[in-house]
$ cat model_17.txt   # compact mmCIF, C-alpha atoms
# COMPACT_ATOMS: atom_id res chain seq x y z
CA MET H 1 9.41 53.58 13.60
CA SER H 2 6.43 51.78 12.23
CA GLU H 3 3.89 53.36 9.93
CA GLU H 4 1.26 52.89 12.65
CA THR H 5 2.95 55.40 14.93
CA ALA H 6 4.39 57.94 12.49
CA THR H 7 2.74 61.35 12.49
CA LEU H 8 3.21 63.52 9.42
CA LEU H 9 2.77 67.27 9.53
CA ILE H 10 1.77 68.70 6.14
CA VAL H 11 1.55 72.45 5.51
CA ASP H 12 0.29 74.04 2.31
CA ASP H 13 -1.87 77.11 1.81
CA GLU H 14 -3.87 75.32 -0.89
CA GLU H 15 -6.63 73.18 0.62
CA MET H 16 -6.78 71.05 -2.55
CA VAL H 17 -3.13 70.03 -2.15
CA LEU H 18 -3.70 69.10 1.49
CA THR H 19 -6.80 67.10 0.62
CA SER H 20 -4.98 65.25 -2.15
CA LEU H 21 -1.93 64.44 0.00
CA SER H 22 -3.87 63.42 3.08
CA ALA H 23 -6.35 61.30 1.12
CA PHE H 24 -3.52 59.43 -0.61
CA LEU H 25 -1.57 58.89 2.61
CA MET H 26 -4.61 57.86 4.62
CA LEU H 27 -5.71 55.36 1.96
CA GLU H 28 -2.27 53.94 1.16
CA THR H 29 -0.46 54.08 4.52
CA ASP H 30 -1.12 53.93 8.24
CA TYR H 31 0.49 57.29 8.98
CA ASN H 32 -1.30 59.80 11.17
CA VAL H 33 -1.65 62.92 9.01
CA GLU H 34 -2.05 66.43 10.42
CA THR H 35 -2.66 69.15 7.82
CA PHE H 36 -2.52 72.93 8.07
CA THR H 37 -3.16 75.76 5.62
CA SER H 38 -1.44 78.16 8.01
CA ALA H 39 2.26 78.06 8.82
CA ASN H 40 1.61 79.73 12.18
CA ALA H 41 -1.03 77.14 13.08
CA ALA H 42 1.41 74.37 12.17
CA ILE H 43 4.06 75.91 14.46
CA GLU H 44 1.53 76.17 17.27
CA PHE H 45 0.61 72.49 16.79
CA ALA H 46 4.27 71.45 16.69
CA GLU H 47 5.03 73.24 19.95
CA GLY H 48 2.56 71.03 21.80
CA ASN H 49 2.58 67.79 19.83
CA ARG H 50 5.10 65.27 18.59
CA PHE H 51 5.51 64.73 14.84
CA ASP H 52 7.88 62.48 12.96
CA LEU H 53 8.20 64.20 9.58
CA VAL H 54 7.10 67.47 8.04
CA ILE H 55 6.18 68.35 4.46
CA SER H 56 5.80 72.02 3.59
CA ASP H 57 4.97 73.97 0.49
CA TYR H 58 7.54 76.60 -0.41
CA LEU H 59 5.29 79.52 -1.43
CA MET H 60 2.79 80.44 1.30
CA PRO H 61 1.40 83.81 2.38
CA GLU H 62 2.37 83.85 6.09
CA MET H 63 5.94 82.67 5.60
CA ASP H 64 7.84 80.70 3.02
CA GLY H 65 8.41 76.98 3.49
CA ILE H 66 12.11 77.34 4.25
CA SER H 67 11.38 79.72 7.13
CA LEU H 68 8.67 77.39 8.42
CA LEU H 69 10.94 74.36 8.22
CA GLY H 70 13.64 76.33 10.03
CA ARG H 71 11.22 77.07 12.88
CA LEU H 72 10.09 73.43 13.01
CA LYS H 73 13.74 72.32 13.05
CA GLU H 74 14.18 74.40 16.23
CA ILE H 75 11.21 72.62 17.80
CA LEU H 76 12.08 69.08 16.74
CA PRO H 77 15.52 68.95 15.07
CA GLU H 78 15.51 65.22 14.35
CA SER H 79 12.34 65.27 12.24
CA PRO H 80 13.04 64.99 8.51
CA ARG H 81 11.94 68.05 6.53
CA ILE H 82 10.57 67.83 2.98
CA LEU H 83 9.85 70.85 0.80
CA LEU H 84 7.16 70.80 -1.91
CA THR H 85 8.15 73.20 -4.61
CA GLY H 86 7.10 74.31 -8.06
CA TYR H 87 9.58 73.90 -10.87
CA THR H 88 10.51 77.59 -10.75
CA ASP H 89 11.36 77.32 -7.02
CA LYS H 90 14.12 74.72 -7.50
CA GLU H 91 16.83 77.24 -6.64
CA ASN H 92 15.11 78.00 -3.34
CA ALA H 93 14.79 74.30 -2.59
CA ILE H 94 18.53 73.90 -2.98
CA LYS H 95 19.01 76.92 -0.73
CA GLY H 96 16.73 75.18 1.80
CA ILE H 97 18.85 72.06 1.77
CA ASN H 98 21.74 74.14 3.04
CA GLU H 99 19.82 76.43 5.40
CA VAL H 100 17.44 74.08 7.20
CA GLY H 101 18.87 70.66 6.47
CA LEU H 102 16.16 69.50 4.09
CA PHE H 103 15.88 65.76 3.80
CA GLN H 104 14.49 66.14 0.28
CA TYR H 105 12.56 68.44 -1.97
CA ILE H 106 9.77 67.26 -4.22
CA GLU H 107 8.55 69.12 -7.26
CA LYS H 108 4.88 69.76 -7.92
CA PRO H 109 3.12 67.94 -9.37
CA TRP H 110 4.47 65.08 -7.33
CA ASP H 111 4.38 61.36 -8.03
CA ASN H 112 2.52 59.56 -5.22
CA GLU H 113 4.81 56.54 -5.22
CA GLN H 114 7.92 58.71 -5.17
CA LEU H 115 6.43 60.72 -2.31
CA ARG H 116 5.64 57.57 -0.34
CA LEU H 117 9.21 56.32 -0.85
CA VAL H 118 10.71 59.66 0.24
CA ILE H 119 8.55 59.68 3.37
CA ARG H 120 9.45 56.09 4.22
CA ASN H 121 13.15 56.79 3.69
CA GLY H 122 12.95 59.92 5.84
CA LEU H 123 11.28 58.02 8.66
CA GLU H 124 13.80 55.17 8.39
CA LYS H 125 16.67 57.67 8.52
CA GLN H 126 15.15 59.24 11.62
CA GLN H 127 14.78 55.83 13.27
CA LEU H 128 18.37 54.85 12.45
CA LEU H 129 19.71 58.13 13.83
CA SER H 130 17.67 57.63 16.99
CA GLN H 131 19.04 54.11 17.41
CA LEU H 132 22.57 55.39 16.81
CA GLN H 133 22.15 58.08 19.48
CA GLN H 134 20.85 55.45 21.90
CA LYS H 135 23.85 53.18 21.23
CA ILE H 136 26.26 56.08 21.67
CA GLY H 137 24.61 56.79 25.02
CA GLU H 138 25.01 53.15 26.04
CA ILE H 139 28.68 53.17 24.99
CA ASN H 140 29.32 56.39 26.94
CA GLN H 141 27.65 54.84 30.00
CA ALA H 142 29.74 51.68 29.68
CA TYR H 143 32.90 53.78 29.26
CA GLY H 144 32.03 55.71 32.43
CA ASP H 145 31.45 52.44 34.28
CA LEU H 146 34.83 51.13 33.08
CA GLN H 147 36.57 54.30 34.25
CA SER H 148 34.98 53.88 37.70
CA ILE H 149 36.09 50.25 37.88
CA GLN H 150 39.60 51.26 36.79
CA LYS H 151 39.74 53.87 39.59
CA GLU H 152 38.61 51.29 42.13
CA ILE H 153 41.24 48.80 40.96
CA LEU H 154 43.95 51.47 41.13
CA LYS H 155 42.86 52.40 44.69
CA THR H 156 43.00 48.76 45.72
CA PHE H 157 46.52 48.18 44.40
CA ALA H 158 47.97 51.60 45.18
$ encode --input "model_17.txt" --output "structure tokens"
Amino acid sequence: MSEETATLLIVDDEEMVLTSLSAFLMLETDYNVETFTSANAAIEFAEGNRFDLVISDYLMPEMDGISLLGRLKEILPESPRILLTGYTDKENAIKGINEVGLFQYIEKPWDNEQLRLVIRNGLEKQQLLSQLQQKIGEINQAYGDLQSIQKEILKTFA
């Protein structure tokens, strides 16, 4: 996955956080950035659009970030999920790791370089898993082909 094609979904009820994150990412990377202040709007977007990684705030009025990430996991399970959390929400972030398979949680205030590294690592992990699944599919196909050839050979010599 190259930065040129990666689409990031960022959800936070604070417009200032979204502006800060999207401005940094748009200036420093080539990611496509989609931002939402509403968890429900983000879910609606995700149902009709592909995204490669999602970042969500933990505390939001419509639903908490763990619930949102759980819903997004149902829509696109292979997308890495990152939770933005305040220091006091660390326990919930750990809970989220177990419940929704968080890739990482990042405490507010975040460090831009750390965030960029976490995003890049998440996208690389996704790409590697995708390549692994493709190779497993190719191996399964080759195994099926070998079984068919074996049956044909056994028919010929039986």
$ closest_residue --input "model_17.txt" --among "H:Glu44, H:Gln104, H:Asn112, H:Leu76" --to "Ser22 in chain H" --atoms "all atoms listed in the file"
H:Asn112
$ closest_residue --input "model_17.txt" --among "H:Ser148, H:Asn40, H:Thr7, H:Gln126" --to "Val54 in chain H" --atoms "only C-alpha atoms"
H:Thr7
$ closest_residue --input "model_17.txt" --among "H:Arg81, H:Lys90, H:Arg116, H:Lys155" --to "Phe51 in chain H" --atoms "only C-alpha atoms"
H:Arg81
$ atom_distance --input "model_17.txt" --atom1 "CA of Ile119 in chain H" --atom2 "CA of Ile75 in chain H"
19.6 Å
$ atom_distance --input "model_17.txt" --atom1 "CA of Ser79 in chain H" --atom2 "CA of Met16 in chain H"
24.9 Å
$ residues_around --input "model_17.txt" --residues "Arg50 in chain H" --least-positions-apart "6" --cutoff "12 Å" --atoms "all atoms listed in the file" --output "list of chain:residue names"
H:Thr5, H:Ala6, H:Thr7, H:Leu8, H:Leu9, H:Asn32, H:Val33, H:Glu34, H:Ala42, H:Ile43, H:Glu44, H:Leu72, H:Ile75, H:Leu76, H:Pro77, H:Glu78, H:Ser79
$ atom_distance --input "model_17.txt" --atom1 "CA of Leu18 in chain H" --atom2 "CA of Pro61 in chain H"
15.6 Å
$ decode --input "model_17.txt" --residues "range 98-140 of chain H" --atoms "N, CA and C atoms" --output "PDB file, in the first residue's frame"
ATOM      1  N   ASN H  98      -8.431  -5.540  23.520  1.00  0.00           N
ATOM      2  CA  ASN H  98      -8.997  -6.882  23.616  1.00  0.00           C
ATOM      3  C   ASN H  98     -10.328  -7.008  22.884  1.00  0.00           C
ATOM      4  N   GLU H  99     -11.178  -6.000  22.976  1.00  0.00           N
ATOM      5  CA  GLU H  99     -12.529  -6.101  22.431  1.00  0.00           C
ATOM      6  C   GLU H  99     -12.595  -5.932  20.917  1.00  0.00           C
ATOM      7  N   VAL H 100     -11.868  -4.972  20.384  1.00  0.00           N
ATOM      8  CA  VAL H 100     -12.015  -4.676  18.949  1.00  0.00           C
ATOM      9  C   VAL H 100     -10.715  -4.850  18.178  1.00  0.00           C
ATOM     10  N   GLY H 101      -9.718  -5.439  18.810  1.00  0.00           N
ATOM     11  CA  GLY H 101      -8.474  -5.678  18.099  1.00  0.00           C
ATOM     12  C   GLY H 101      -7.782  -4.390  17.690  1.00  0.00           C
ATOM     13  N   LEU H 102      -7.638  -3.481  18.645  1.00  0.00           N
ATOM     14  CA  LEU H 102      -6.933  -2.230  18.335  1.00  0.00           C
ATOM     15  C   LEU H 102      -5.528  -2.527  17.837  1.00  0.00           C
ATOM     16  N   PHE H 103      -5.122  -1.784  16.829  1.00  0.00           N
ATOM     17  CA  PHE H 103      -3.733  -1.860  16.396  1.00  0.00           C
ATOM     18  C   PHE H 103      -2.868  -1.116  17.411  1.00  0.00           C
ATOM     19  N   GLN H 104      -3.369   0.030  17.877  1.00  0.00           N
ATOM     20  CA  GLN H 104      -2.587   0.865  18.797  1.00  0.00           C
ATOM     21  C   GLN H 104      -3.526   1.886  19.431  1.00  0.00           C
ATOM     22  N   TYR H 105      -3.138   2.364  20.585  1.00  0.00           N
ATOM     23  CA  TYR H 105      -3.813   3.547  21.111  1.00  0.00           C
ATOM     24  C   TYR H 105      -2.767   4.636  21.291  1.00  0.00           C
ATOM     25  N   ILE H 106      -3.223   5.858  21.114  1.00  0.00           N
ATOM     26  CA  ILE H 106      -2.331   7.015  21.214  1.00  0.00           C
ATOM     27  C   ILE H 106      -2.949   7.992  22.199  1.00  0.00           C
ATOM     28  N   GLU H 107      -2.137   8.438  23.137  1.00  0.00           N
ATOM     29  CA  GLU H 107      -2.625   9.383  24.132  1.00  0.00           C
ATOM     30  C   GLU H 107      -2.615  10.808  23.590  1.00  0.00           C
ATOM     31  N   LYS H 108      -3.630  11.565  24.003  1.00  0.00           N
ATOM     32  CA  LYS H 108      -3.660  13.000  23.725  1.00  0.00           C
ATOM     33  C   LYS H 108      -2.888  13.691  24.839  1.00  0.00           C
ATOM     34  N   PRO H 109      -2.145  14.712  24.566  1.00  0.00           N
ATOM     35  CA  PRO H 109      -1.810  15.200  23.215  1.00  0.00           C
ATOM     36  C   PRO H 109      -0.817  14.256  22.548  1.00  0.00           C
ATOM     37  N   TRP H 110      -0.981  14.069  21.281  1.00  0.00           N
ATOM     38  CA  TRP H 110      -0.147  13.128  20.543  1.00  0.00           C
ATOM     39  C   TRP H 110       1.088  13.815  19.979  1.00  0.00           C
ATOM     40  N   ASP H 111       2.075  13.031  19.661  1.00  0.00           N
ATOM     41  CA  ASP H 111       3.276  13.498  18.986  1.00  0.00           C
ATOM     42  C   ASP H 111       3.091  13.197  17.498  1.00  0.00           C
ATOM     43  N   ASN H 112       3.196  14.214  16.658  1.00  0.00           N
ATOM     44  CA  ASN H 112       2.939  14.029  15.227  1.00  0.00           C
ATOM     45  C   ASN H 112       3.812  12.956  14.592  1.00  0.00           C
ATOM     46  N   GLU H 113       5.077  12.934  14.941  1.00  0.00           N
ATOM     47  CA  GLU H 113       5.974  11.945  14.336  1.00  0.00           C
ATOM     48  C   GLU H 113       5.627  10.534  14.799  1.00  0.00           C
ATOM     49  N   GLN H 114       5.280  10.390  16.065  1.00  0.00           N
ATOM     50  CA  GLN H 114       4.855   9.085  16.563  1.00  0.00           C
ATOM     51  C   GLN H 114       3.571   8.653  15.839  1.00  0.00           C
ATOM     52  N   LEU H 115       2.648   9.578  15.683  1.00  0.00           N
ATOM     53  CA  LEU H 115       1.399   9.270  14.992  1.00  0.00           C
ATOM     54  C   LEU H 115       1.659   8.825  13.556  1.00  0.00           C
ATOM     55  N   ARG H 116       2.527   9.543  12.866  1.00  0.00           N
ATOM     56  CA  ARG H 116       2.846   9.181  11.481  1.00  0.00           C
ATOM     57  C   ARG H 116       3.446   7.771  11.422  1.00  0.00           C
ATOM     58  N   LEU H 117       4.329   7.459  12.364  1.00  0.00           N
ATOM     59  CA  LEU H 117       4.955   6.140  12.412  1.00  0.00           C
ATOM     60  C   LEU H 117       3.915   5.043  12.689  1.00  0.00           C
ATOM     61  N   VAL H 118       3.022   5.293  13.616  1.00  0.00           N
ATOM     62  CA  VAL H 118       1.974   4.321  13.947  1.00  0.00           C
ATOM     63  C   VAL H 118       1.082   4.077  12.727  1.00  0.00           C
ATOM     64  N   ILE H 119       0.709   5.144  12.033  1.00  0.00           N
ATOM     65  CA  ILE H 119      -0.123   5.002  10.836  1.00  0.00           C
ATOM     66  C   ILE H 119       0.622   4.196   9.775  1.00  0.00           C
ATOM     67  N   ARG H 120       1.862   4.554   9.532  1.00  0.00           N
ATOM     68  CA  ARG H 120       2.648   3.831   8.516  1.00  0.00           C
ATOM     69  C   ARG H 120       2.775   2.351   8.875  1.00  0.00           C
ATOM     70  N   ASN H 121       3.055   2.065  10.143  1.00  0.00           N
ATOM     71  CA  ASN H 121       3.171   0.675  10.577  1.00  0.00           C
ATOM     72  C   ASN H 121       1.848  -0.072  10.436  1.00  0.00           C
ATOM     73  N   GLY H 122       0.761   0.591  10.752  1.00  0.00           N
ATOM     74  CA  GLY H 122      -0.558  -0.030  10.603  1.00  0.00           C
ATOM     75  C   GLY H 122      -0.862  -0.355   9.152  1.00  0.00           C
ATOM     76  N   LEU H 123      -0.542   0.559   8.265  1.00  0.00           N
ATOM     77  CA  LEU H 123      -0.780   0.329   6.839  1.00  0.00           C
ATOM     78  C   LEU H 123       0.132  -0.763   6.300  1.00  0.00           C
ATOM     79  N   GLU H 124       1.379  -0.794   6.767  1.00  0.00           N
ATOM     80  CA  GLU H 124       2.300  -1.854   6.332  1.00  0.00           C
ATOM     81  C   GLU H 124       1.823  -3.217   6.830  1.00  0.00           C
ATOM     82  N   LYS H 125       1.334  -3.265   8.061  1.00  0.00           N
ATOM     83  CA  LYS H 125       0.809  -4.520   8.599  1.00  0.00           C
ATOM     84  C   LYS H 125      -0.366  -4.994   7.753  1.00  0.00           C
ATOM     85  N   GLN H 126      -1.251  -4.068   7.421  1.00  0.00           N
ATOM     86  CA  GLN H 126      -2.409  -4.419   6.597  1.00  0.00           C
ATOM     87  C   GLN H 126      -1.957  -4.965   5.244  1.00  0.00           C
ATOM     88  N   GLN H 127      -0.985  -4.318   4.635  1.00  0.00           N
ATOM     89  CA  GLN H 127      -0.481  -4.753   3.331  1.00  0.00           C
ATOM     90  C   GLN H 127       0.147  -6.147   3.430  1.00  0.00           C
ATOM     91  N   LEU H 128       0.933  -6.378   4.465  1.00  0.00           N
ATOM     92  CA  LEU H 128       1.566  -7.689   4.644  1.00  0.00           C
ATOM     93  C   LEU H 128       0.522  -8.788   4.864  1.00  0.00           C
ATOM     94  N   LEU H 129      -0.502  -8.496   5.651  1.00  0.00           N
ATOM     95  CA  LEU H 129      -1.558  -9.484   5.868  1.00  0.00           C
ATOM     96  C   LEU H 129      -2.308  -9.777   4.577  1.00  0.00           C
ATOM     97  N   SER H 130      -2.533  -8.754   3.787  1.00  0.00           N
ATOM     98  CA  SER H 130      -3.204  -8.925   2.498  1.00  0.00           C
ATOM     99  C   SER H 130      -2.362  -9.798   1.566  1.00  0.00           C
ATOM    100  N   GLN H 131      -1.058  -9.537   1.526  1.00  0.00           N
ATOM    101  CA  GLN H 131      -0.168 -10.343   0.695  1.00  0.00           C
ATOM    102  C   GLN H 131      -0.126 -11.789   1.189  1.00  0.00           C
ATOM    103  N   LEU H 132      -0.130 -11.972   2.505  1.00  0.00           N
ATOM    104  CA  LEU H 132      -0.130 -13.317   3.076  1.00  0.00           C
ATOM    105  C   LEU H 132      -1.402 -14.069   2.677  1.00  0.00           C
ATOM    106  N   GLN H 133      -2.548 -13.397   2.778  1.00  0.00           N
ATOM    107  CA  GLN H 133      -3.808 -14.032   2.389  1.00  0.00           C
ATOM    108  C   GLN H 133      -3.796 -14.408   0.911  1.00  0.00           C
ATOM    109  N   GLN H 134      -3.230 -13.556   0.087  1.00  0.00           N
ATOM    110  CA  GLN H 134      -3.137 -13.844  -1.347  1.00  0.00           C
ATOM    111  C   GLN H 134      -2.261 -15.076  -1.578  1.00  0.00           C
ATOM    112  N   LYS H 135      -1.126 -15.148  -0.909  1.00  0.00           N
ATOM    113  CA  LYS H 135      -0.221 -16.298  -1.063  1.00  0.00           C
ATOM    114  C   LYS H 135      -0.886 -17.584  -0.564  1.00  0.00           C
ATOM    115  N   ILE H 136      -1.602 -17.499   0.532  1.00  0.00           N
ATOM    116  CA  ILE H 136      -2.312 -18.680   1.040  1.00  0.00           C
ATOM    117  C   ILE H 136      -3.337 -19.145   0.011  1.00  0.00           C
ATOM    118  N   GLY H 137      -4.025 -18.204  -0.615  1.00  0.00           N
ATOM    119  CA  GLY H 137      -4.971 -18.554  -1.674  1.00  0.00           C
ATOM    120  C   GLY H 137      -4.287 -19.243  -2.841  1.00  0.00           C
ATOM    121  N   GLU H 138      -3.121 -18.735  -3.232  1.00  0.00           N
ATOM    122  CA  GLU H 138      -2.362 -19.341  -4.331  1.00  0.00           C
ATOM    123  C   GLU H 138      -1.898 -20.756  -3.962  1.00  0.00           C
ATOM    124  N   ILE H 139      -1.453 -20.938  -2.715  1.00  0.00           N
ATOM    125  CA  ILE H 139      -1.013 -22.257  -2.262  1.00  0.00           C
ATOM    126  C   ILE H 139      -2.198 -23.223  -2.259  1.00  0.00           C
ATOM    127  N   ASN H 140      -3.340 -22.773  -1.759  1.00  0.00           N
ATOM    128  CA  ASN H 140      -4.528 -23.633  -1.746  1.00  0.00           C
ATOM    129  C   ASN H 140      -4.936 -24.018  -3.164  1.00  0.00           C
TER     130      ASN H 140
END
